[in-house]
Amino acid sequence: MTVGPAGTGREHVMASDSGWDQGSDTLRFADVNLDGRPGPLSRRLPGPIVTQALSCIAMAKASGYRIISYGDMITDQPRMDAYARALRQSVRPGSLVLDIGAGTGIFSLLACALGAAEVHAVEPNEAIELARTIAGANGYGDRIHFHQTLSTALRLPQPADVIISDLRGVLPLFQHHIAAVADARRRLLAPGGVLIPARDRLWAALIEDPKLYRPYEEPWLRNDFDLDLSAGHPLVVNTWRKINAKAEQLLVPPAHWATLDYYTIENPDVSGELAWTVERLGTAHGLVVWFDAELAEGIGFSNRPGEPELIYGQAFFPFESALALEPGDAVRVTLSANLVDGDYLWRWDTRVRSGDRIKANFRQSTFYGSPLALDKLKRRAADYVPLADDKAGIDRFVLERIDGQASLGEIAEALSARYPERFAEFKDALTYCADLAERYRAGSE
Ligand SMILES: C[S@@+](CC[C@H](N)C(=O)[O-])C[C@H]1O[C@@H](n2cnc3c(N)ncnc32)[C@H](O)[C@@H]1O
């Protein structure tokens, strides 16, 4: 769960390049058909091309998580210790366990070690192939059933006694986490079954950190080149990012913002008020938000600044400008997170009163953090008339030929014959077809 570009909400994107999907191990996974059998590509094409074409698919699928990132999660000791203890408390000999977002299968393996009779590991990422290999190596290959799909597309022969997941980003309000857990709870959990985690509590505080805040002012408001870069300022101050804050940087005691109870939650949107009366002189540079996890009764971990650093870190929401605060100042923040098109739109409205005087009145939102946000929203309106570009014709050409009869190579040959300028090289056509075929693969979702 390393964090990507500031505040994109796609916290999982950045990872080391040294994952299995880029190294020579690719060969082992690449020289297969899309359904896992030795593929026609390996007969038709030289090995390196097969490798290249299929590793493209693997990387496209794996975008967001690489094997190295899954390793980082497993070596996050406080997190793993708590998850392992929660499993120990919940899994009984004979239990049926569902592992949502299994990654390389760590929770599934632990469930087997605890005596689970059957485990369903569901994971859309190609890492599931590694999970399968690892399950075999540990003698659990026959007890773990692997499903390369999203949990929302999964059907189980019987409901699970235990559902375990960690679909969070820096915060639990991350992509479709809430919807996936609510769906699994409704459809896939046995009555009286156990959900791990049970709930997450979200907290916030004001933070003082001039060094952290510097790139929100420089170079936008001042720079050494006598240039006006101020147009960038509204964008950066409406963007959140991952940080690892220290306890002494908190200007006020943590305030509870929201509790996500996975046994009852339905709505992915969260809004709540935060209020503090300042007790000491300081400069607030923004809000820091984190969560405490309760995985099972009495078992959890905390991402609070000052606790041992966890992989999640905390989220920093900058203020429009640094706020000099004095004892007695009243700070009120309305913090809201709304899921729009698979990503959270954050809003933080801040009002500071010093006696009768309004010291600050900020209205900030990640909506203003992207130059394209408004255009993008307009393009999703019901009255917008879309116009497709040339790529649509190419996609249509390929999709019409994916009929369960033609091989990828045949489709690619036809594609490069029809669009010779776009696909001068056969391997480019093949990669293009393979990507599309993978996207619409029957039974994949
Ligand atoms: C943070 S990783 C967790 C990996 C591993 N379970 C662990 O905790 O170490 C989350 C994983 O969930 C997967 N994922 C996200 N939403 C999912 C869903 N609805 N169904 C199945 N997997 C999902 C992602 O592809 C990713 O591999």
# chains A, B, ... in the order shown; residues from 1 in each chain; ligands from 1

call {"tool": "closest_atom_pairs", "arguments": {"of": "chain A", "to": "ligand 1", "cutoff": "9 Å", "atoms": "only C-alpha atoms and all ligand atoms", "output": "Markdown table"}}
result
| residue | atom | partner | partner_atom_place_in_ligand_line | distance |
| --- | --- | --- | --- | --- |
| A:Met1 | CA | ligand 1 | 1 (C) | 6.0 |
| A:His12 | CA | ligand 1 | 1 (C) | 7.9 |
| A:Ala62 | CA | ligand 1 | 25 (O) | 7.7 |
| A:Ser63 | CA | ligand 1 | 25 (O) | 8.9 |
| A:Gly64 | CA | ligand 1 | 25 (O) | 7.6 |
| A:Tyr65 | CA | ligand 1 | 27 (O) | 6.3 |
| A:Arg66 | CA | ligand 1 | 27 (O) | 8.7 |
| A:Ser69 | CA | ligand 1 | 2 (S) | 8.4 |
| A:Tyr70 | CA | ligand 1 | 9 (O) | 5.7 |
| A:Gly71 | CA | ligand 1 | 9 (O) | 7.6 |
| A:Asp72 | CA | ligand 1 | 9 (O) | 8.1 |
| A:Met73 | CA | ligand 1 | 9 (O) | 4.9 |
| A:Ile74 | CA | ligand 1 | 9 (O) | 5.3 |
| A:Thr75 | CA | ligand 1 | 9 (O) | 8.9 |
| A:Asp76 | CA | ligand 1 | 9 (O) | 8.9 |
| A:Arg79 | CA | ligand 1 | 8 (O) | 8.6 |
| A:Met80 | CA | ligand 1 | 9 (O) | 7.8 |
| A:Tyr83 | CA | ligand 1 | 8 (O) | 8.4 |
| A:Asp99 | CA | ligand 1 | 6 (N) | 7.1 |
| A:Ile100 | CA | ligand 1 | 21 (C) | 4.8 |
| A:Gly101 | CA | ligand 1 | 12 (O) | 3.1 |
| A:Ala102 | CA | ligand 1 | 6 (N) | 4.1 |
| A:Gly103 | CA | ligand 1 | 4 (C) | 4.2 |
| A:Thr104 | CA | ligand 1 | 5 (C) | 6.6 |
| A:Gly105 | CA | ligand 1 | 6 (N) | 6.4 |
| A:Ile106 | CA | ligand 1 | 9 (O) | 6.1 |
| A:Phe107 | CA | ligand 1 | 6 (N) | 6.2 |
| A:Ser108 | CA | ligand 1 | 6 (N) | 8.5 |
| A:Ala121 | CA | ligand 1 | 21 (C) | 8.3 |
| A:Val122 | CA | ligand 1 | 21 (C) | 5.0 |
| A:Glu123 | CA | ligand 1 | 22 (N) | 4.1 |
| A:Pro124 | CA | ligand 1 | 25 (O) | 5.5 |
| A:Asn125 | CA | ligand 1 | 25 (O) | 5.1 |
| A:Glu126 | CA | ligand 1 | 25 (O) | 8.7 |
| A:Ala127 | CA | ligand 1 | 27 (O) | 7.5 |
| A:Ile128 | CA | ligand 1 | 27 (O) | 8.6 |
| A:His147 | CA | ligand 1 | 21 (C) | 8.7 |
| A:Gln148 | CA | ligand 1 | 21 (C) | 8.0 |
| A:Thr149 | CA | ligand 1 | 21 (C) | 6.3 |
| A:Leu150 | CA | ligand 1 | 20 (N) | 3.6 |
| A:Ser151 | CA | ligand 1 | 20 (N) | 3.8 |
| A:Thr152 | CA | ligand 1 | 19 (N) | 5.8 |
| A:Ala153 | CA | ligand 1 | 20 (N) | 8.2 |
| A:Leu154 | CA | ligand 1 | 20 (N) | 8.5 |
| A:Ile164 | CA | ligand 1 | 6 (N) | 8.1 |
| A:Ser165 | CA | ligand 1 | 6 (N) | 5.9 |
| A:Asp166 | CA | ligand 1 | 8 (O) | 4.9 |
| A:Leu167 | CA | ligand 1 | 10 (C) | 4.5 |
| A:Arg168 | CA | ligand 1 | 1 (C) | 6.0 |
| A:Gly169 | CA | ligand 1 | 1 (C) | 6.9 |
| A:Gln175 | CA | ligand 1 | 16 (N) | 8.1 |
| A:His176 | CA | ligand 1 | 16 (N) | 6.7 |
| A:His177 | CA | ligand 1 | 16 (N) | 6.3 |
| A:Ala179 | CA | ligand 1 | 19 (N) | 8.1 |
| A:Ala180 | CA | ligand 1 | 19 (N) | 4.9 |
| A:Val181 | CA | ligand 1 | 19 (N) | 7.7 |
| A:Ala184 | CA | ligand 1 | 19 (N) | 8.8 |

call {"tool": "residues_around", "arguments": {"residues": "A:Ala424", "least_positions_apart": "6", "cutoff": "12 Å", "atoms": "only C-alpha atoms", "output": "PyMOL selection string"}}
result
chain A and resi 412-413+415-418+430

call {"tool": "write_last_selection", "arguments": {"atoms": "N, CA and C atoms", "output": "PDB file, in the first residue's frame"}}
result
ATOM      1  N   ALA A 412      -4.804 -10.808 -34.929  1.00  0.00           N
ATOM      2  CA  ALA A 412      -3.734  -9.799 -35.025  1.00  0.00           C
ATOM      3  C   ALA A 412      -3.280  -9.630 -36.480  1.00  0.00           C
ATOM      4  N   GLU A 413      -3.193 -10.738 -37.214  1.00  0.00           N
ATOM      5  CA  GLU A 413      -2.799 -10.644 -38.626  1.00  0.00           C
ATOM      6  C   GLU A 413      -3.813  -9.821 -39.411  1.00  0.00           C
ATOM      7  N   LEU A 415      -5.798  -7.632 -38.202  1.00  0.00           N
ATOM      8  CA  LEU A 415      -5.741  -6.249 -37.723  1.00  0.00           C
ATOM      9  C   LEU A 415      -4.609  -5.483 -38.395  1.00  0.00           C
ATOM     10  N   SER A 416      -3.423  -6.109 -38.471  1.00  0.00           N
ATOM     11  CA  SER A 416      -2.319  -5.358 -39.075  1.00  0.00           C
ATOM     12  C   SER A 416      -2.517  -5.215 -40.581  1.00  0.00           C
ATOM     13  N   ALA A 417      -3.279  -6.157 -41.209  1.00  0.00           N
ATOM     14  CA  ALA A 417      -3.577  -5.996 -42.643  1.00  0.00           C
ATOM     15  C   ALA A 417      -4.560  -4.839 -42.851  1.00  0.00           C
ATOM     16  N   ARG A 418      -5.518  -4.706 -41.916  1.00  0.00           N
ATOM     17  CA  ARG A 418      -6.543  -3.658 -42.067  1.00  0.00           C
ATOM     18  C   ARG A 418      -5.998  -2.273 -41.695  1.00  0.00           C
ATOM     19  N   LEU A 430      -0.611  -7.916 -32.038  1.00  0.00           N
ATOM     20  CA  LEU A 430      -0.864  -9.035 -31.122  1.00  0.00           C
ATOM     21  C   LEU A 430      -1.081  -8.532 -29.686  1.00  0.00           C
TER      22      LEU A 430
END

call {"tool": "closest_residue", "arguments": {"among": "A:Ala275, A:Leu323, A:Ala205, A:Ala388", "to": "A:Val288", "atoms": "only C-alpha atoms"}}
result
A:Ala205

call {"tool": "residues_around", "arguments": {"residues": "stretch 109-114 of chain A", "least_positions_apart": "6", "cutoff": "7 Å", "atoms": "only C-alpha atoms", "output": "PyMOL selection string"}}
result
chain A and resi 87-88+91+93+135+140

call {"tool": "write_last_selection", "arguments": {"atoms": "C-alpha atoms", "output": "mmCIF file, in the first residue's frame"}}
result
data_model
loop_
_atom_site.group_PDB
_atom_site.id
_atom_site.type_symbol
_atom_site.label_atom_id
_atom_site.label_comp_id
_atom_site.auth_asym_id
_atom_site.auth_seq_id
_atom_site.Cartn_x
_atom_site.Cartn_y
_atom_site.Cartn_z
ATOM 1 C CA LEU A 87 -7.926 -15.240 12.086
ATOM 2 C CA ARG A 88 -6.836 -17.375 15.038
ATOM 3 C CA VAL A 91 -11.309 -19.712 12.158
ATOM 4 C CA PRO A 93 -11.445 -26.527 12.166
ATOM 5 C CA ALA A 135 -0.540 -22.639 -1.924
ATOM 6 C CA TYR A 140 -2.809 -26.226 0.676
#
